[in-house]
Amino acid sequence: MPVPSTPAGAYEICIGKDFLGRLWPALEAAFAGRTLFVVTDAEVARAGHLAALLGGREAGVYVIDPPGENSKHLQTVAEIVEQMDRGFLGRDSVVAALGGGTVGDIAGFAAAIFKRGVPVVQIPTTTVSQADSAIGGKTGVDSSVSKNAIGAFWQPAAVYIDTATLQTLDDRQYRAGLAESVKHAAIADAEYFAFLEAHVEALLKREGEALVHLAEANCRIKAAVTAEDPTEKNKRRILNYGHTIGHAVESASGFGLLHGEAVAIGMVAAGRIEAALGLAADDRGERIEGLLTKLGLPTRIPRGYATEGLTDLMKRDKKAVGRRPRFVLLEKLGQALCRDGQWACEVDEEMIRTLLPRLVAG
Ligand SMILES: NC(=O)c1ccc[n+]([C@@H]2O[C@H](COP(=O)([O-])OP(=O)(O)OC[C@H]3O[C@@H](n4cnc5c(N)ncnc54)[C@H](O)[C@@H]3O)[C@@H](O)[C@H]2O)c1
Ligand SMILES: [Zn+2]
């Protein structure tokens, strides 16, 4: 078992490769006297990760089926807590969330409300969840109207990242999740950005050492930002870099674009805004776009989207104030821009309206 390698925050984050098969006894030791309950999804189970975690042991398990966003609603949470209750689980139970961001968000929320809150252990298995959703304590589900409408902040008791689980992940999902790594590097760590540029091939081949380094850097950055501002009052907003236009494009695509793909486009758009504001005299825009392209991520809004509609969607963004969208921009590569104590800047709507059509794929 790897030892915790990211001390920031109150919980341990263990990063390593190929330890899932040895994790259960470590969990039993860490939560001695408590009952573990596993939440996973059908795809993660099919890929063999549930069997690897349990190693033939009996345990309460809820398998989300179908996997993915379509199951991220209150009914799934209700079924999980009902099953736990029927199984005589009490306040001494611990939820282990094995899977991607949807499993982590659903299971984390179920843990937050079961018997008024039991610990959750996050065991992320996607590039999105290992870089992003497993850390920081945001949990929840979608309403029939909007994404992540119902939820709670519920910090994990521990996070266990086995990068070997990524080997079975679909290629498009794998690459899309790397966008959040580019985001972390761009807002917080220029050296990490250079590492990503130098290791594109190793990352695309999913080489072990590169993946461990990636997880360590992502956790260090996300844990530091969320420890400073756990409930997103201000600085945590920098994690939304690329997300104002990203979310709008994602929703305009009818979720045909994966979240990370939309965020890649959003980061390029943020670069164009910086350039238009005269903030980007350096080559950061080209470097970010170059890295995303090498990682096989889109950098242009697909043809056929009404860019007018995108501006309206941005007004629904959670960073918007009085329906005026706000953007996280960069001071320089590796550092987000802070203006008058604010990490998300208001940008003239006319500028966005002029800029968006130029970002549509030719
Ligand atoms: N809480 C947060 O801070 C936060 C941050 C970012 C994203 N999110 C949420 O995360 C969700 C997206 O997460 P995601 O991209 O991990 O999606 P996901 O959990 O839906 O996983 C994507 C697909 O990959 C499959 N899968 C997962 N791990 C696998 C593996 N190792 N091998 C094979 N298949 C595997 C899943 O079954 C699913 O079909 C969204 O709902 C988003 O809102 C939350
Ligand atoms: Zn994101």
# chains A, B, ... in the order shown; residues from 1 in each chain; ligands from 1
call {"tool": "residues_near_ligand", "arguments": {"ligand": "ligand 2", "cutoff": "9 Å", "atoms": "only C-alpha atoms and all ligand atoms", "output": "list in words"}}
result
Val128, Asp132, Ser133, Gly177, Ala179, Glu180, Lys183, Leu239, Asn240, Tyr241, Gly242, His243, Gly246, His247, His259, Gly260, Ala262 and Val263 of chain A
call {"tool": "write_last_selection", "arguments": {"atoms": "C-alpha atoms", "output": "compact mmCIF listing (two decimals), in the first residue's frame"}}
result
# COMPACT_ATOMS: atom_id res chain seq x y z
CA VAL A 128 -11.72 13.23 -14.11
CA ASP A 132 -10.80 16.51 -9.67
CA SER A 133 -14.05 15.14 -8.24
CA GLY A 177 -10.24 13.95 -18.17
CA ALA A 179 -8.23 18.62 -19.63
CA GLU A 180 -8.66 19.09 -15.86
CA LYS A 183 -6.48 23.39 -16.09
CA LEU A 239 -10.93 25.74 -10.45
CA ASN A 240 -13.61 26.97 -12.84
CA TYR A 241 -10.99 28.22 -15.29
CA GLY A 242 -12.25 27.30 -18.78
CA HIS A 243 -15.65 26.40 -17.36
CA GLY A 246 -17.00 25.22 -21.26
CA HIS A 247 -20.28 24.62 -19.45
CA HIS A 259 -17.17 17.76 -19.96
CA GLY A 260 -13.37 17.78 -20.39
CA ALA A 262 -15.91 21.36 -23.50
CA VAL A 263 -13.50 22.67 -20.86
call {"tool": "residues_near_ligand", "arguments": {"ligand": "ligand 1", "cutoff": "7 Å", "atoms": "only C-alpha atoms and all ligand atoms", "output": "count of residues only"}}
result
38
call {"tool": "select_by_dssp", "arguments": {"residues": "segment 85-323 of chain A", "states": "strand (DSSP E or B)", "output": "PyMOL selection string"}}
result
chain A and resi 93-99+120-124+138-141+150-153+158-162+301+321
call {"tool": "atom_distance", "arguments": {"atom1": "atom CA of Glu261 of chain A", "atom2": "atom CA of Val249 of chain A"}}
result
9.4 Å
call {"tool": "residues_around", "arguments": {"residues": "segment 14-18 of chain A", "least_positions_apart": "6", "cutoff": "12 Å", "atoms": "only C-alpha atoms", "output": "number ranges by chain"}}
result
A: 1-8, 26-27, 49, 52-53, 121-125, 130-131, 134-135, 157-167, 206-220
call {"tool": "write_last_selection", "arguments": {"atoms": "N, CA and C atoms", "output": "compact mmCIF listing (two decimals), in the first residue's frame"}}
result
# COMPACT_ATOMS: atom_id res chain seq x y z
N MET A 1 0.83 -1.21 0.00
CA MET A 1 0.00 0.00 0.00
C MET A 1 0.86 1.26 0.00
N PRO A 2 0.53 2.19 -0.84
CA PRO A 2 1.29 3.46 -0.82
C PRO A 2 0.97 4.24 0.45
N VAL A 3 1.91 5.06 0.85
CA VAL A 3 1.63 5.90 2.02
C VAL A 3 1.02 7.21 1.54
N PRO A 4 0.30 7.89 2.42
CA PRO A 4 -0.29 9.16 1.98
C PRO A 4 0.79 10.09 1.46
N SER A 5 0.56 10.68 0.28
CA SER A 5 1.61 11.52 -0.28
C SER A 5 1.19 12.97 -0.42
N THR A 6 -0.06 13.26 -0.09
CA THR A 6 -0.52 14.65 -0.20
C THR A 6 -1.14 15.07 1.11
N PRO A 7 -0.37 15.72 1.95
CA PRO A 7 -0.85 15.99 3.30
C PRO A 7 -1.89 17.10 3.43
N ALA A 8 -2.01 17.99 2.40
CA ALA A 8 -2.89 19.15 2.57
C ALA A 8 -4.31 18.73 2.92
N ALA A 26 -6.53 -2.82 4.24
CA ALA A 26 -6.09 -1.51 4.74
C ALA A 26 -7.29 -0.67 5.17
N LEU A 27 -8.40 -0.77 4.41
CA LEU A 27 -9.62 -0.04 4.79
C LEU A 27 -10.17 -0.60 6.10
N HIS A 49 -12.78 -4.06 -11.48
CA HIS A 49 -12.26 -3.33 -10.32
C HIS A 49 -13.01 -3.66 -9.02
N ALA A 52 -11.56 -6.89 -7.85
CA ALA A 52 -10.20 -6.67 -7.33
C ALA A 52 -10.27 -6.08 -5.92
N LEU A 53 -11.19 -5.14 -5.70
CA LEU A 53 -11.29 -4.50 -4.38
C LEU A 53 -11.76 -5.52 -3.34
N VAL A 121 -15.24 7.10 1.65
CA VAL A 121 -13.87 6.94 1.15
C VAL A 121 -13.97 6.97 -0.36
N GLN A 122 -13.21 7.83 -1.00
CA GLN A 122 -13.26 7.93 -2.46
C GLN A 122 -12.15 7.07 -3.08
N ILE A 123 -12.55 6.21 -4.02
CA ILE A 123 -11.58 5.38 -4.76
C ILE A 123 -11.82 5.64 -6.25
N PRO A 124 -11.28 6.76 -6.76
CA PRO A 124 -11.61 7.20 -8.11
C PRO A 124 -10.93 6.35 -9.20
N THR A 125 -11.63 6.15 -10.32
CA THR A 125 -11.10 5.27 -11.38
C THR A 125 -11.09 5.93 -12.76
N GLN A 130 -9.89 11.18 -10.57
CA GLN A 130 -8.58 11.17 -9.90
C GLN A 130 -7.98 12.57 -9.84
N ALA A 131 -8.31 13.41 -10.84
CA ALA A 131 -7.73 14.76 -10.85
C ALA A 131 -8.60 15.75 -10.10
N ALA A 134 -12.83 13.55 -6.81
CA ALA A 134 -12.65 12.79 -5.56
C ALA A 134 -12.15 13.67 -4.41
N ILE A 135 -11.58 14.83 -4.79
CA ILE A 135 -11.00 15.71 -3.77
C ILE A 135 -11.84 16.98 -3.67
N ALA A 157 -13.31 10.89 3.96
CA ALA A 157 -12.47 10.51 5.09
C ALA A 157 -11.06 10.17 4.59
N ALA A 158 -10.98 9.70 3.38
CA ALA A 158 -9.69 9.37 2.74
C ALA A 158 -9.93 9.20 1.24
N VAL A 159 -8.85 9.38 0.48
CA VAL A 159 -8.93 9.18 -0.98
C VAL A 159 -7.81 8.22 -1.37
N TYR A 160 -8.17 7.19 -2.12
CA TYR A 160 -7.18 6.20 -2.57
C TYR A 160 -7.15 6.19 -4.09
N ILE A 161 -6.05 6.64 -4.65
CA ILE A 161 -5.95 6.72 -6.11
C ILE A 161 -5.01 5.65 -6.64
N ASP A 162 -5.59 4.63 -7.28
CA ASP A 162 -4.79 3.59 -7.93
C ASP A 162 -4.81 3.90 -9.42
N THR A 163 -3.68 4.43 -9.92
CA THR A 163 -3.66 4.88 -11.32
C THR A 163 -3.79 3.70 -12.30
N ALA A 164 -3.53 2.48 -11.83
CA ALA A 164 -3.65 1.32 -12.72
C ALA A 164 -5.11 1.11 -13.16
N THR A 165 -6.06 1.61 -12.38
CA THR A 165 -7.47 1.44 -12.78
C THR A 165 -7.77 2.16 -14.09
N LEU A 166 -6.92 3.16 -14.42
CA LEU A 166 -7.17 3.93 -15.65
C LEU A 166 -6.93 3.10 -16.91
N GLN A 167 -6.22 1.98 -16.76
CA GLN A 167 -5.88 1.18 -17.96
C GLN A 167 -7.12 0.68 -18.69
N ARG A 206 -0.44 5.97 -21.21
CA ARG A 206 -0.85 5.65 -19.83
C ARG A 206 0.29 4.97 -19.05
N GLU A 207 1.49 5.53 -19.19
CA GLU A 207 2.63 4.95 -18.49
C GLU A 207 2.56 5.25 -16.99
N GLY A 208 2.88 4.22 -16.21
CA GLY A 208 2.70 4.26 -14.76
C GLY A 208 3.30 5.46 -14.05
N GLU A 209 4.58 5.73 -14.28
CA GLU A 209 5.25 6.80 -13.54
C GLU A 209 4.62 8.16 -13.85
N ALA A 210 4.34 8.37 -15.13
CA ALA A 210 3.74 9.65 -15.54
C ALA A 210 2.37 9.82 -14.88
N LEU A 211 1.62 8.73 -14.81
CA LEU A 211 0.27 8.83 -14.22
C LEU A 211 0.33 9.12 -12.72
N VAL A 212 1.31 8.54 -12.05
CA VAL A 212 1.46 8.81 -10.62
C VAL A 212 1.84 10.27 -10.40
N HIS A 213 2.77 10.76 -11.22
CA HIS A 213 3.18 12.17 -11.09
C HIS A 213 1.97 13.09 -11.33
N LEU A 214 1.19 12.73 -12.36
CA LEU A 214 -0.01 13.50 -12.70
C LEU A 214 -0.97 13.57 -11.51
N ALA A 215 -1.24 12.41 -10.93
CA ALA A 215 -2.18 12.36 -9.79
C ALA A 215 -1.64 13.18 -8.62
N GLU A 216 -0.35 13.06 -8.36
CA GLU A 216 0.23 13.80 -7.24
C GLU A 216 0.10 15.31 -7.43
N ALA A 217 0.42 15.76 -8.66
CA ALA A 217 0.35 17.20 -8.92
C ALA A 217 -1.10 17.69 -8.82
N ASN A 218 -2.03 16.93 -9.43
CA ASN A 218 -3.44 17.35 -9.39
C ASN A 218 -3.95 17.43 -7.95
N CYS A 219 -3.63 16.43 -7.15
CA CYS A 219 -4.13 16.40 -5.77
C CYS A 219 -3.51 17.53 -4.96
N ARG A 220 -2.23 17.76 -5.17
CA ARG A 220 -1.56 18.84 -4.44
C ARG A 220 -2.27 20.17 -4.73
call {"tool": "atom_distance", "arguments": {"atom1": "atom CA of Leu54 of chain A", "atom2": "atom CA of Gly104 of chain A"}}
result
17.9 Å
call {"tool": "select_by_dssp", "arguments": {"residues": "segment 71-284 of chain A", "states": "helix (DSSP H, G or I)", "output": "PDB file with C-alpha atoms, in the first residue's frame"}}
result
ATOM      1  CA  SER A  71     -28.296   7.753 -13.058  1.00  0.00           C
ATOM      2  CA  LEU A  74     -32.180  11.508  -6.242  1.00  0.00           C
ATOM      3  CA  GLN A  75     -33.813   8.131  -6.948  1.00  0.00           C
ATOM      4  CA  THR A  76     -30.393   6.445  -7.063  1.00  0.00           C
ATOM      5  CA  VAL A  77     -29.407   8.073  -3.774  1.00  0.00           C
ATOM      6  CA  ALA A  78     -32.704   6.943  -2.252  1.00  0.00           C
ATOM      7  CA  GLU A  79     -32.086   3.351  -3.360  1.00  0.00           C
ATOM      8  CA  ILE A  80     -28.583   3.384  -1.873  1.00  0.00           C
ATOM      9  CA  VAL A  81     -29.637   4.652   1.551  1.00  0.00           C
ATOM     10  CA  GLU A  82     -32.684   2.340   1.567  1.00  0.00           C
ATOM     11  CA  GLN A  83     -30.454  -0.655   0.848  1.00  0.00           C
ATOM     12  CA  MET A  84     -28.036   0.407   3.584  1.00  0.00           C
ATOM     13  CA  ASP A  85     -30.893   0.824   6.034  1.00  0.00           C
ATOM     14  CA  ARG A  86     -32.472  -2.516   5.119  1.00  0.00           C
ATOM     15  CA  GLY A 101     -17.123  11.236 -10.812  1.00  0.00           C
ATOM     16  CA  THR A 102     -20.739  10.135 -11.051  1.00  0.00           C
ATOM     17  CA  VAL A 103     -20.205   7.318  -8.549  1.00  0.00           C
ATOM     18  CA  GLY A 104     -18.198   9.604  -6.260  1.00  0.00           C
ATOM     19  CA  ASP A 105     -20.782  12.403  -6.347  1.00  0.00           C
ATOM     20  CA  ILE A 106     -23.749  10.044  -5.799  1.00  0.00           C
ATOM     21  CA  ALA A 107     -22.088   7.901  -3.117  1.00  0.00           C
ATOM     22  CA  GLY A 108     -20.652  10.950  -1.353  1.00  0.00           C
ATOM     23  CA  PHE A 109     -24.112  12.505  -1.153  1.00  0.00           C
ATOM     24  CA  ALA A 110     -25.674   9.238   0.068  1.00  0.00           C
ATOM     25  CA  ALA A 111     -22.992   9.125   2.790  1.00  0.00           C
ATOM     26  CA  ALA A 112     -23.665  12.764   3.687  1.00  0.00           C
ATOM     27  CA  ILE A 113     -27.344  12.088   4.418  1.00  0.00           C
ATOM     28  CA  PHE A 114     -27.403   8.475   5.656  1.00  0.00           C
ATOM     29  CA  LYS A 115     -28.084   8.575   9.434  1.00  0.00           C
ATOM     30  CA  ARG A 116     -27.199  12.273   9.229  1.00  0.00           C
ATOM     31  CA  THR A 127      -8.964  10.782 -15.129  1.00  0.00           C
ATOM     32  CA  VAL A 128     -11.721  13.228 -14.113  1.00  0.00           C
ATOM     33  CA  SER A 129     -12.274  11.753 -10.682  1.00  0.00           C
ATOM     34  CA  GLN A 130      -8.585  11.169  -9.898  1.00  0.00           C
ATOM     35  CA  ALA A 131      -7.732  14.762 -10.850  1.00  0.00           C
ATOM     36  CA  ASP A 132     -10.804  16.508  -9.674  1.00  0.00           C
ATOM     37  CA  SER A 133     -14.047  15.140  -8.239  1.00  0.00           C
ATOM     38  CA  THR A 163      -3.657   4.884 -11.320  1.00  0.00           C
ATOM     39  CA  ALA A 164      -3.655   1.318 -12.722  1.00  0.00           C
ATOM     40  CA  THR A 165      -7.466   1.436 -12.778  1.00  0.00           C
ATOM     41  CA  LEU A 166      -7.167   3.925 -15.652  1.00  0.00           C
ATOM     42  CA  GLN A 167      -5.883   1.177 -17.957  1.00  0.00           C
ATOM     43  CA  THR A 168      -9.422  -0.050 -18.644  1.00  0.00           C
ATOM     44  CA  ASP A 171      -9.830   6.345 -24.728  1.00  0.00           C
ATOM     45  CA  ARG A 172     -12.126   9.327 -25.246  1.00  0.00           C
ATOM     46  CA  GLN A 173     -13.066   9.449 -21.543  1.00  0.00           C
ATOM     47  CA  TYR A 174      -9.398   9.098 -20.623  1.00  0.00           C
ATOM     48  CA  ARG A 175      -8.282  12.036 -22.797  1.00  0.00           C
ATOM     49  CA  ALA A 176     -11.188  14.281 -21.834  1.00  0.00           C
ATOM     50  CA  GLY A 177     -10.243  13.950 -18.175  1.00  0.00           C
ATOM     51  CA  LEU A 178      -6.729  15.182 -18.933  1.00  0.00           C
ATOM     52  CA  ALA A 179      -8.231  18.624 -19.628  1.00  0.00           C
ATOM     53  CA  GLU A 180      -8.660  19.092 -15.857  1.00  0.00           C
ATOM     54  CA  SER A 181      -4.924  18.413 -15.428  1.00  0.00           C
ATOM     55  CA  VAL A 182      -4.108  21.080 -18.006  1.00  0.00           C
ATOM     56  CA  LYS A 183      -6.477  23.386 -16.091  1.00  0.00           C
ATOM     57  CA  HIS A 184      -4.682  22.756 -12.782  1.00  0.00           C
ATOM     58  CA  ALA A 185      -1.278  23.387 -14.341  1.00  0.00           C
ATOM     59  CA  ALA A 186      -2.449  26.564 -16.085  1.00  0.00           C
ATOM     60  CA  ILE A 187      -3.943  28.152 -12.960  1.00  0.00           C
ATOM     61  CA  ALA A 188      -1.414  27.037 -10.379  1.00  0.00           C
ATOM     62  CA  ALA A 190       3.995  26.412 -14.539  1.00  0.00           C
ATOM     63  CA  GLU A 191       6.463  23.593 -13.819  1.00  0.00           C
ATOM     64  CA  TYR A 192       3.654  21.077 -13.883  1.00  0.00           C
ATOM     65  CA  PHE A 193       2.543  22.588 -17.203  1.00  0.00           C
ATOM     66  CA  ALA A 194       6.041  22.000 -18.607  1.00  0.00           C
ATOM     67  CA  PHE A 195       5.905  18.424 -17.282  1.00  0.00           C
ATOM     68  CA  LEU A 196       2.655  17.841 -19.169  1.00  0.00           C
ATOM     69  CA  GLU A 197       4.179  19.268 -22.357  1.00  0.00           C
ATOM     70  CA  ALA A 198       7.211  17.009 -22.011  1.00  0.00           C
ATOM     71  CA  VAL A 200       2.362  13.913 -23.717  1.00  0.00           C
ATOM     72  CA  GLU A 201       3.389  10.598 -25.244  1.00  0.00           C
ATOM     73  CA  ALA A 202       3.856   8.842 -21.910  1.00  0.00           C
ATOM     74  CA  LEU A 203       0.485  10.137 -20.763  1.00  0.00           C
ATOM     75  CA  LEU A 204      -1.284   9.006 -23.907  1.00  0.00           C
ATOM     76  CA  GLY A 208       2.699   4.260 -14.760  1.00  0.00           C
ATOM     77  CA  GLU A 209       5.248   6.804 -13.535  1.00  0.00           C
ATOM     78  CA  ALA A 210       3.744   9.653 -15.542  1.00  0.00           C
ATOM     79  CA  LEU A 211       0.269   8.834 -14.215  1.00  0.00           C
ATOM     80  CA  VAL A 212       1.455   8.806 -10.617  1.00  0.00           C
ATOM     81  CA  HIS A 213       3.175  12.169 -11.095  1.00  0.00           C
ATOM     82  CA  LEU A 214      -0.013  13.502 -12.703  1.00  0.00           C
ATOM     83  CA  ALA A 215      -2.182  12.358  -9.794  1.00  0.00           C
ATOM     84  CA  GLU A 216       0.234  13.798  -7.236  1.00  0.00           C
ATOM     85  CA  ALA A 217       0.348  17.203  -8.916  1.00  0.00           C
ATOM     86  CA  ASN A 218      -3.442  17.345  -9.389  1.00  0.00           C
ATOM     87  CA  CYS A 219      -4.128  16.401  -5.774  1.00  0.00           C
ATOM     88  CA  ARG A 220      -1.561  18.841  -4.438  1.00  0.00           C
ATOM     89  CA  ILE A 221      -3.137  21.700  -6.396  1.00  0.00           C
ATOM     90  CA  LYS A 222      -6.792  20.805  -5.812  1.00  0.00           C
ATOM     91  CA  ALA A 223      -6.265  20.005  -2.128  1.00  0.00           C
ATOM     92  CA  ALA A 224      -4.429  23.291  -1.539  1.00  0.00           C
ATOM     93  CA  VAL A 225      -7.084  25.400  -3.259  1.00  0.00           C
ATOM     94  CA  THR A 226     -10.022  23.645  -1.585  1.00  0.00           C
ATOM     95  CA  ALA A 227      -8.376  23.688   1.848  1.00  0.00           C
ATOM     96  CA  GLU A 228      -8.025  27.465   1.537  1.00  0.00           C
ATOM     97  CA  LYS A 235     -10.464  31.499  -4.464  1.00  0.00           C
ATOM     98  CA  ARG A 236     -11.909  28.039  -5.139  1.00  0.00           C
ATOM     99  CA  ARG A 237     -13.480  29.658  -8.200  1.00  0.00           C
ATOM    100  CA  ILE A 238     -10.125  29.432  -9.991  1.00  0.00           C
ATOM    101  CA  LEU A 239     -10.928  25.735 -10.447  1.00  0.00           C
ATOM    102  CA  ASN A 240     -13.606  26.971 -12.843  1.00  0.00           C
ATOM    103  CA  HIS A 243     -15.654  26.400 -17.355  1.00  0.00           C
ATOM    104  CA  THR A 244     -17.760  29.521 -18.118  1.00  0.00           C
ATOM    105  CA  ILE A 245     -17.683  28.941 -21.868  1.00  0.00           C
ATOM    106  CA  GLY A 246     -16.999  25.223 -21.261  1.00  0.00           C
ATOM    107  CA  HIS A 247     -20.283  24.617 -19.446  1.00  0.00           C
ATOM    108  CA  ALA A 248     -22.207  26.613 -22.054  1.00  0.00           C
ATOM    109  CA  VAL A 249     -20.682  24.603 -24.920  1.00  0.00           C
ATOM    110  CA  GLU A 250     -21.232  21.334 -23.013  1.00  0.00           C
ATOM    111  CA  SER A 251     -24.887  22.094 -22.495  1.00  0.00           C
ATOM    112  CA  ALA A 252     -25.396  23.433 -26.040  1.00  0.00           C
ATOM    113  CA  HIS A 259     -17.166  17.757 -19.956  1.00  0.00           C
ATOM    114  CA  GLY A 260     -13.367  17.785 -20.388  1.00  0.00           C
ATOM    115  CA  GLU A 261     -13.682  18.340 -24.134  1.00  0.00           C
ATOM    116  CA  ALA A 262     -15.906  21.360 -23.504  1.00  0.00           C
ATOM    117  CA  VAL A 263     -13.501  22.674 -20.855  1.00  0.00           C
ATOM    118  CA  ALA A 264     -10.628  22.394 -23.361  1.00  0.00           C
ATOM    119  CA  ILE A 265     -12.564  24.684 -25.715  1.00  0.00           C
ATOM    120  CA  GLY A 266     -13.365  26.960 -22.761  1.00  0.00           C
ATOM    121  CA  MET A 267      -9.679  27.311 -21.824  1.00  0.00           C
ATOM    122  CA  VAL A 268      -8.802  28.335 -25.379  1.00  0.00           C
ATOM    123  CA  ALA A 269     -11.670  30.853 -25.253  1.00  0.00           C
ATOM    124  CA  ALA A 270     -10.375  32.247 -21.944  1.00  0.00           C
ATOM    125  CA  GLY A 271      -7.007  32.753 -23.675  1.00  0.00           C
ATOM    126  CA  ARG A 272      -8.705  34.750 -26.423  1.00  0.00           C
ATOM    127  CA  ILE A 273     -10.397  36.942 -23.826  1.00  0.00           C
ATOM    128  CA  GLU A 274      -7.040  37.566 -22.139  1.00  0.00           C
ATOM    129  CA  ALA A 275      -5.549  38.525 -25.499  1.00  0.00           C
ATOM    130  CA  ALA A 276      -8.454  40.866 -26.272  1.00  0.00           C
ATOM    131  CA  ARG A 284       0.606  31.144 -22.998  1.00  0.00           C
TER     132      ARG A 284
END
call {"tool": "atom_distance", "arguments": {"atom1": "atom CA of Val120 of chain A", "atom2": "atom CA of Gln155 of chain A"}}
result
7.8 Å
call {"tool": "residues_around", "arguments": {"residues": "segment 336-347 of chain A", "least_positions_apart": "3", "cutoff": "6 Å", "atoms": "only C-alpha atoms", "output": "list in words"}}
result
Ile187, Lys235, Arg326, Phe327, Val328, Leu329, Leu330 and Glu331 of chain A
call {"tool": "residues_around", "arguments": {"residues": "Thr35 of chain A", "least_positions_apart": "2", "cutoff": "7 Å", "atoms": "only C-alpha atoms", "output": "ChimeraX atom specification"}}
result
/A:33,37,92-94
